[in-house]
Amino acid sequence: MVQRVVVINDVATARGGATGIALLSIRLLRQMNVPVTFLVGDEGNNPELVELGVDVVPLGGMHVAGGGSLNAMRRGLYNAPARRLVADWVAAHDGPGVVYHLHGWSKILSPAIFASLAPVAGRTLLHAHDFFLACPNGAFQNYRRGAECGQVPLSLGCLSTNCDKRSYAQKIWRVARQGSLSLTSTRCFAESPVVMVHERMAEFFTRAGFCEQRLLAVRNPVTRFTDRRIEAERNRDFFFVGRIEFEKGIEEAALAAKRAGVRLRILGDGPDRSALEARHPHVEVLGWSSRETIRSVIRDARALLMPSRYPEPFGLVAAEASRSGLPVILSMNSLLSTEFVQAGLGFACDTRDIESFAATIRHVADMPAENVRAMSERAFSGTVPIATTPSTWRDRLLELYEERVSRAA
């Protein structure tokens, strides 16, 4: 029987889908009165966790990009304090009913924590919100060519390819980090489940040498932005929701929206916000917003844009927008793109091709109101299974936790 769940993540406040999912799991577990400990890389400042009665154990660490390049490289390769934090907790509190669920580790905690989790690998789940468990740059993307990478991770072809968005030296650092992770993972976590957020992630993980039997697809849970359908057929504005960084395709979105003659509004923030605002003053950037603010503002949306440059494993915001009644324009790189198009929930195009992207935006802007309404109603109905519900997702996690405990026993 599961007696406690230990959730492990880099940060305690959601600024992206992965952390949001980790926090949702905590919320849902506490609703079931399951004791939860949260081992977190940053300061752990999140008032909600206190209200939920979560035992927060913070490292107080810094993002891998902060504190000077040499220190950042060292911490990113092997964060010794993070290893001690996890190891000390395991030594002091572990028991046969304790399950460990690792969500995010690449920004602060580093591969060092895998050594600390090795003694409890049989009761550990590894959540693959991205590809950092398998690929040095975490995306199976050649950022230099702007194309999906077909190399086998850590192969000779991988080592000789400069795919990093910064430099080849950064790529070699990433390879060293991935090598360290792979040695520990192969030796100690051969049977630990890898929880993927989409079935199509399996083709990438098996290419990296993961045993197919370890790979479990559990799609992310989705809650609508709004309880009432967004009447997209009445609206003209196009929206982007998420982190403002160029790998999310935000530059292409700004250029395509301008060419299509529509207004682009952004709900989010990120490291490339200043550069985006300087280059594209016609784009309205609203910054990070509460769920309530998003609910209010996004009622003006005609459609949502998700133009990620890399193979987006899921795209939580696309599913949330769709369930709210919004058509979605996705990059063909998105693993959700095929089913969105086939189900009539949106459109996919090569979002790096500005002409094609702009033409798709213009097509949605010019669609007859009755066609937009039909697409909106179809999306809002939830009959297309693009995601799980929070309760279904929670129950599936609890099944996996019980299975881990039983197998270990």
# chains A, B, ... in the order shown; residues from 1 in each chain; ligands from 1
>>> residues_around(residues="Ala115 of chain A", least_positions_apart="2", cutoff="9 Å", atoms="only C-alpha atoms", output="number ranges by chain")
A: 83, 87, 111-113, 117-119, 184-185, 188
>>> write_last_selection(atoms="N, CA and C atoms", output="tab-separated table (two decimals), in the first residue's frame")
chain	number	residue	atom	x	y	z
A	83	ARG	N	22.34	15.98	-4.78
A	83	ARG	CA	22.51	14.55	-4.48
A	83	ARG	C	22.36	14.30	-2.99
A	87	ALA	N	19.56	12.04	-1.10
A	87	ALA	CA	20.10	10.88	-0.38
A	87	ALA	C	19.78	10.95	1.10
A	111	PRO	N	21.84	15.36	-13.12
A	111	PRO	CA	21.84	13.90	-13.07
A	111	PRO	C	22.33	13.33	-11.74
A	112	ALA	N	22.89	14.16	-10.87
A	112	ALA	CA	23.42	13.67	-9.59
A	112	ALA	C	22.35	12.97	-8.75
A	113	ILE	N	21.10	13.41	-8.87
A	113	ILE	CA	20.06	12.85	-8.01
A	113	ILE	C	19.72	11.41	-8.37
A	117	LEU	N	18.71	8.18	-5.93
A	117	LEU	CA	17.48	7.41	-6.09
A	117	LEU	C	17.73	5.95	-6.45
A	118	ALA	N	18.98	5.61	-6.75
A	118	ALA	CA	19.29	4.24	-7.16
A	118	ALA	C	18.83	3.19	-6.14
A	119	PRO	N	19.01	3.41	-4.83
A	119	PRO	CA	18.55	2.39	-3.87
A	119	PRO	C	17.04	2.17	-3.87
A	184	THR	N	24.27	5.80	-15.06
A	184	THR	CA	23.49	5.50	-13.86
A	184	THR	C	22.15	4.88	-14.22
A	185	SER	N	21.51	5.42	-15.26
A	185	SER	CA	20.19	4.94	-15.65
A	185	SER	C	20.24	3.50	-16.13
A	188	CYS	N	21.03	1.18	-12.96
A	188	CYS	CA	20.14	1.14	-11.79
A	188	CYS	C	18.65	1.29	-12.08
>>> residues_around(residues="segment 369-371 of chain A", least_positions_apart="2", cutoff="10 Å", atoms="only C-alpha atoms", output="list in words")
Glu231, Ala232, Glu233, Arg234, Asn235, Val364, Ala365, Asp366, Met367, Arg373, Ala374, Met375, Ser376 and Glu377 of chain A
>>> write_last_selection(atoms="C-alpha atoms", output="PDB file, in the first residue's frame")
ATOM      1  CA  GLU A 231     -17.347  31.728 -29.133  1.00  0.00           C
ATOM      2  CA  ALA A 232     -14.368  31.779 -31.463  1.00  0.00           C
ATOM      3  CA  GLU A 233     -16.571  32.564 -34.451  1.00  0.00           C
ATOM      4  CA  ARG A 234     -17.207  36.047 -33.010  1.00  0.00           C
ATOM      5  CA  ASN A 235     -13.538  36.901 -32.398  1.00  0.00           C
ATOM      6  CA  VAL A 364      -8.669  30.739 -40.051  1.00  0.00           C
ATOM      7  CA  ALA A 365      -9.326  34.488 -39.889  1.00  0.00           C
ATOM      8  CA  ASP A 366     -11.426  34.315 -43.084  1.00  0.00           C
ATOM      9  CA  MET A 367     -13.330  31.105 -42.313  1.00  0.00           C
ATOM     10  CA  ARG A 373     -18.433  27.542 -34.728  1.00  0.00           C
ATOM     11  CA  ALA A 374     -18.647  23.898 -35.819  1.00  0.00           C
ATOM     12  CA  MET A 375     -14.933  23.416 -35.100  1.00  0.00           C
ATOM     13  CA  SER A 376     -15.280  25.211 -31.770  1.00  0.00           C
ATOM     14  CA  GLU A 377     -18.258  23.106 -30.678  1.00  0.00           C
TER      15      GLU A 377
END
>>> select_by_dssp(residues="segment 6-250 of chain A", states="alpha helix (DSSP H)", output="PyMOL selection string")
chain A and resi 17-31+47-51+69-77+80-93+112-117+156-159+168-188+202-207+250
>>> write_last_selection(atoms="C-alpha atoms", output="mmCIF file, in the first residue's frame")
data_model
loop_
_atom_site.group_PDB
_atom_site.id
_atom_site.type_symbol
_atom_site.label_atom_id
_atom_site.label_comp_id
_atom_site.auth_asym_id
_atom_site.auth_seq_id
_atom_site.Cartn_x
_atom_site.Cartn_y
_atom_site.Cartn_z
ATOM 1 C CA GLY A 17 3.571 22.779 -18.383
ATOM 2 C CA ALA A 18 5.826 20.235 -16.665
ATOM 3 C CA THR A 19 5.900 21.982 -13.298
ATOM 4 C CA GLY A 20 2.195 22.693 -13.595
ATOM 5 C CA ILE A 21 1.580 18.961 -14.008
ATOM 6 C CA ALA A 22 3.830 18.108 -11.054
ATOM 7 C CA LEU A 23 1.921 20.566 -8.859
ATOM 8 C CA LEU A 24 -1.405 19.225 -10.092
ATOM 9 C CA SER A 25 -0.368 15.728 -9.063
ATOM 10 C CA ILE A 26 0.351 17.029 -5.560
ATOM 11 C CA ARG A 27 -3.007 18.774 -5.414
ATOM 12 C CA LEU A 28 -4.898 15.663 -6.526
ATOM 13 C CA LEU A 29 -3.014 13.373 -4.165
ATOM 14 C CA ARG A 30 -3.709 15.627 -1.200
ATOM 15 C CA GLN A 31 -7.406 15.615 -2.108
ATOM 16 C CA PRO A 47 1.972 29.229 -0.463
ATOM 17 C CA GLU A 48 -0.395 26.664 -1.959
ATOM 18 C CA LEU A 49 1.893 23.836 -0.872
ATOM 19 C CA VAL A 50 1.689 25.023 2.742
ATOM 20 C CA GLU A 51 -2.100 25.167 2.541
ATOM 21 C CA SER A 69 29.480 29.926 -16.605
ATOM 22 C CA LEU A 70 32.012 27.696 -14.827
ATOM 23 C CA ASN A 71 29.824 27.244 -11.755
ATOM 24 C CA ALA A 72 26.802 26.653 -13.961
ATOM 25 C CA MET A 73 28.631 23.982 -15.958
ATOM 26 C CA ARG A 74 29.748 22.232 -12.795
ATOM 27 C CA ARG A 75 26.319 22.314 -11.174
ATOM 28 C CA GLY A 76 24.631 21.210 -14.358
ATOM 29 C CA LEU A 77 26.897 18.201 -14.735
ATOM 30 C CA ALA A 80 26.456 17.551 -5.263
ATOM 31 C CA PRO A 81 24.157 19.397 -2.813
ATOM 32 C CA ALA A 82 21.142 18.084 -4.738
ATOM 33 C CA ARG A 83 22.505 14.552 -4.481
ATOM 34 C CA ARG A 84 22.916 14.967 -0.712
ATOM 35 C CA LEU A 85 19.442 16.454 -0.300
ATOM 36 C CA VAL A 86 17.767 13.448 -1.939
ATOM 37 C CA ALA A 87 20.105 10.883 -0.382
ATOM 38 C CA ASP A 88 19.610 12.276 3.118
ATOM 39 C CA TRP A 89 15.833 12.226 2.768
ATOM 40 C CA VAL A 90 15.863 8.635 1.489
ATOM 41 C CA ALA A 91 18.159 7.522 4.303
ATOM 42 C CA ALA A 92 16.024 9.164 6.990
ATOM 43 C CA HIS A 93 12.469 8.565 5.760
ATOM 44 C CA ALA A 112 23.419 13.668 -9.590
ATOM 45 C CA ILE A 113 20.061 12.850 -8.007
ATOM 46 C CA PHE A 114 19.779 9.589 -9.964
ATOM 47 C CA ALA A 115 22.566 8.112 -7.850
ATOM 48 C CA SER A 116 20.617 9.054 -4.724
ATOM 49 C CA LEU A 117 17.477 7.413 -6.087
ATOM 50 C CA LEU A 156 29.362 8.931 -33.232
ATOM 51 C CA GLY A 157 26.946 10.825 -35.463
ATOM 52 C CA CYS A 158 25.474 12.565 -32.427
ATOM 53 C CA LEU A 159 28.903 13.483 -31.046
ATOM 54 C CA TYR A 168 29.528 23.143 -30.065
ATOM 55 C CA ALA A 169 31.270 23.512 -26.679
ATOM 56 C CA GLN A 170 27.829 23.615 -25.085
ATOM 57 C CA LYS A 171 26.926 20.486 -27.049
ATOM 58 C CA ILE A 172 29.964 18.637 -25.670
ATOM 59 C CA TRP A 173 28.947 19.682 -22.155
ATOM 60 C CA ARG A 174 25.472 18.327 -22.804
ATOM 61 C CA VAL A 175 26.946 15.071 -24.097
ATOM 62 C CA ALA A 176 29.026 14.722 -20.918
ATOM 63 C CA ARG A 177 25.930 15.266 -18.806
ATOM 64 C CA GLN A 178 23.926 12.770 -20.851
ATOM 65 C CA GLY A 179 26.710 10.213 -20.589
ATOM 66 C CA SER A 180 26.727 10.516 -16.821
ATOM 67 C CA LEU A 181 22.961 10.096 -16.699
ATOM 68 C CA SER A 182 22.996 7.131 -19.082
ATOM 69 C CA LEU A 183 25.555 5.207 -17.028
ATOM 70 C CA THR A 184 23.487 5.504 -13.856
ATOM 71 C CA SER A 185 20.187 4.942 -15.650
ATOM 72 C CA THR A 186 21.334 1.818 -17.470
ATOM 73 C CA ARG A 187 22.842 0.320 -14.337
ATOM 74 C CA CYS A 188 20.143 1.136 -11.790
ATOM 75 C CA ALA A 202 8.185 6.004 -27.773
ATOM 76 C CA GLU A 203 9.863 6.105 -31.186
ATOM 77 C CA PHE A 204 12.399 8.621 -29.854
ATOM 78 C CA PHE A 205 13.090 6.732 -26.620
ATOM 79 C CA THR A 206 13.545 3.364 -28.324
ATOM 80 C CA ARG A 207 15.995 4.991 -30.739
ATOM 81 C CA ILE A 250 7.339 32.961 -31.048
#
>>> atom_distance(atom1="atom CA of Gly41 of chain A", atom2="atom CA of Asp55 of chain A")
14.1 Å
>>> residues_around(residues="Lys107 of chain A", least_positions_apart="6", cutoff="7 Å", atoms="only C-alpha atoms", output="PyMOL selection string")
chain A and resi 10+63-64
>>> atom_distance(atom1="atom CA of Leu304 of chain A", atom2="atom CA of Val195 of chain A")
27.1 Å
>>> atom_distance(atom1="atom CA of Tyr100 of chain A", atom2="atom CA of Val317 of chain A")
26.6 Å
>>> residues_around(residues="Asn45 of chain A", least_positions_apart="6", cutoff="10 Å", atoms="only C-alpha atoms", output="count of residues only")
6
>>> closest_residue(among="A:Lys248, A:Arg263, A:Arg407, A:Arg295", to="Ser331 of chain A", atoms="only C-alpha atoms")
A:Lys248
>>> select_by_dssp(residues="segment 136-378 of chain A", states="strand (DSSP E or B)", output="number ranges by chain")
A: 141-142, 147-148, 194-196, 215-217, 221, 237-241, 264-267, 284-285, 301-306, 328-331, 346-349
>>> closest_residue(among="A:Ser290, A:Ser308, A:Thr360, A:Ser155", to="Phe238 of chain A", atoms="only C-alpha atoms")
A:Thr360
>>> closest_residue(among="A:Ala359, A:Val194, A:Pro368, A:Leu286", to="Ala260 of chain A", atoms="only C-alpha atoms")
A:Ala359
>>> closest_atom_pairs(of="segment 251-334 of chain A", to="segment 146-154 of chain A", cutoff="10 Å", atoms="only C-alpha atoms", output="CSV")
residue,atom,partner,partner_atom,distance
A:Arg309,CA,A:Gly146,CA,7.0
A:Tyr310,CA,A:Glu148,CA,6.6
A:Pro311,CA,A:Glu148,CA,7.0
A:Asn333,CA,A:Glu148,CA,7.9
>>> decode(residues="segment 116-145 of chain A", atoms="N, CA and C atoms", output="CSV table (one decimal), in the first residue's frame")
chain,number,residue,atom,x,y,z
A,116,SER,N,21.3,9.1,-6.0
A,116,SER,CA,20.6,9.1,-4.7
A,116,SER,C,19.3,8.2,-4.8
A,117,LEU,N,18.7,8.2,-5.9
A,117,LEU,CA,17.5,7.4,-6.1
A,117,LEU,C,17.7,6.0,-6.4
A,118,ALA,N,19.0,5.6,-6.7
A,118,ALA,CA,19.3,4.2,-7.2
A,118,ALA,C,18.8,3.2,-6.1
A,119,PRO,N,19.0,3.4,-4.8
A,119,PRO,CA,18.6,2.4,-3.9
A,119,PRO,C,17.0,2.2,-3.9
A,120,VAL,N,16.3,3.2,-4.4
A,120,VAL,CA,14.8,3.0,-4.4
A,120,VAL,C,14.3,3.0,-5.9
A,121,ALA,N,15.1,2.6,-6.8
A,121,ALA,CA,14.8,2.7,-8.2
A,121,ALA,C,13.5,1.8,-8.5
A,122,GLY,N,13.4,0.8,-7.7
A,122,GLY,CA,12.2,-0.1,-7.9
A,122,GLY,C,10.9,0.6,-7.6
A,123,ARG,N,10.9,1.6,-6.8
A,123,ARG,CA,9.7,2.4,-6.5
A,123,ARG,C,9.8,3.8,-7.0
A,124,THR,N,10.5,4.0,-8.1
A,124,THR,CA,10.6,5.3,-8.7
A,124,THR,C,10.0,5.3,-10.1
A,125,LEU,N,9.3,6.4,-10.4
A,125,LEU,CA,8.8,6.7,-11.7
A,125,LEU,C,9.5,7.9,-12.3
A,126,LEU,N,9.8,7.8,-13.6
A,126,LEU,CA,10.5,8.9,-14.3
A,126,LEU,C,9.5,9.5,-15.3
A,127,HIS,N,9.1,10.7,-15.1
A,127,HIS,CA,8.1,11.3,-16.0
A,127,HIS,C,8.8,12.1,-17.1
A,128,ALA,N,8.5,11.7,-18.3
A,128,ALA,CA,9.1,12.3,-19.5
A,128,ALA,C,8.2,13.4,-20.1
A,129,HIS,N,8.3,14.6,-19.5
A,129,HIS,CA,7.6,15.7,-20.1
A,129,HIS,C,8.3,16.2,-21.3
A,130,ASP,N,9.6,15.8,-21.5
A,130,ASP,CA,10.4,16.2,-22.6
A,130,ASP,C,11.3,15.0,-22.9
A,131,PHE,N,12.4,15.3,-23.6
A,131,PHE,CA,13.3,14.2,-24.0
A,131,PHE,C,14.7,14.2,-23.3
A,132,PHE,N,14.8,14.9,-22.2
A,132,PHE,CA,16.1,15.0,-21.5
A,132,PHE,C,16.6,13.7,-21.0
A,133,LEU,N,15.7,12.7,-20.8
A,133,LEU,CA,16.2,11.4,-20.3
A,133,LEU,C,16.9,10.7,-21.4
A,134,ALA,N,16.7,11.1,-22.7
A,134,ALA,CA,17.2,10.4,-23.8
A,134,ALA,C,18.2,11.2,-24.7
A,135,CYS,N,18.0,12.5,-24.8
A,135,CYS,CA,18.7,13.3,-25.8
A,135,CYS,C,19.5,14.4,-25.1
A,136,PRO,N,20.8,14.6,-25.5
A,136,PRO,CA,21.6,15.7,-24.8
A,136,PRO,C,20.9,17.0,-24.8
A,137,ASN,N,20.3,17.5,-25.9
A,137,ASN,CA,19.7,18.8,-25.8
A,137,ASN,C,18.2,18.8,-25.5
A,138,GLY,N,17.7,17.6,-25.1
A,138,GLY,CA,16.3,17.5,-24.6
A,138,GLY,C,15.2,17.6,-25.6
A,139,ALA,N,15.5,17.6,-26.9
A,139,ALA,CA,14.4,17.9,-27.8
A,139,ALA,C,14.5,17.1,-29.1
A,140,PHE,N,15.6,16.3,-29.3
A,140,PHE,CA,15.8,15.6,-30.6
A,140,PHE,C,15.6,16.6,-31.8
A,141,GLN,N,16.3,17.8,-31.6
A,141,GLN,CA,16.2,18.9,-32.5
A,141,GLN,C,17.6,19.4,-32.9
A,142,ASN,N,17.8,19.5,-34.2
A,142,ASN,CA,19.1,20.2,-34.6
A,142,ASN,C,18.8,21.7,-34.7
A,143,TYR,N,19.1,22.4,-33.7
A,143,TYR,CA,18.8,23.8,-33.6
A,143,TYR,C,19.5,24.6,-34.7
A,144,ARG,N,20.7,24.1,-35.1
A,144,ARG,CA,21.4,24.9,-36.1
A,144,ARG,C,20.7,24.8,-37.5
A,145,ARG,N,20.1,23.6,-37.8
A,145,ARG,CA,19.5,23.5,-39.1
A,145,ARG,C,18.0,23.8,-39.0
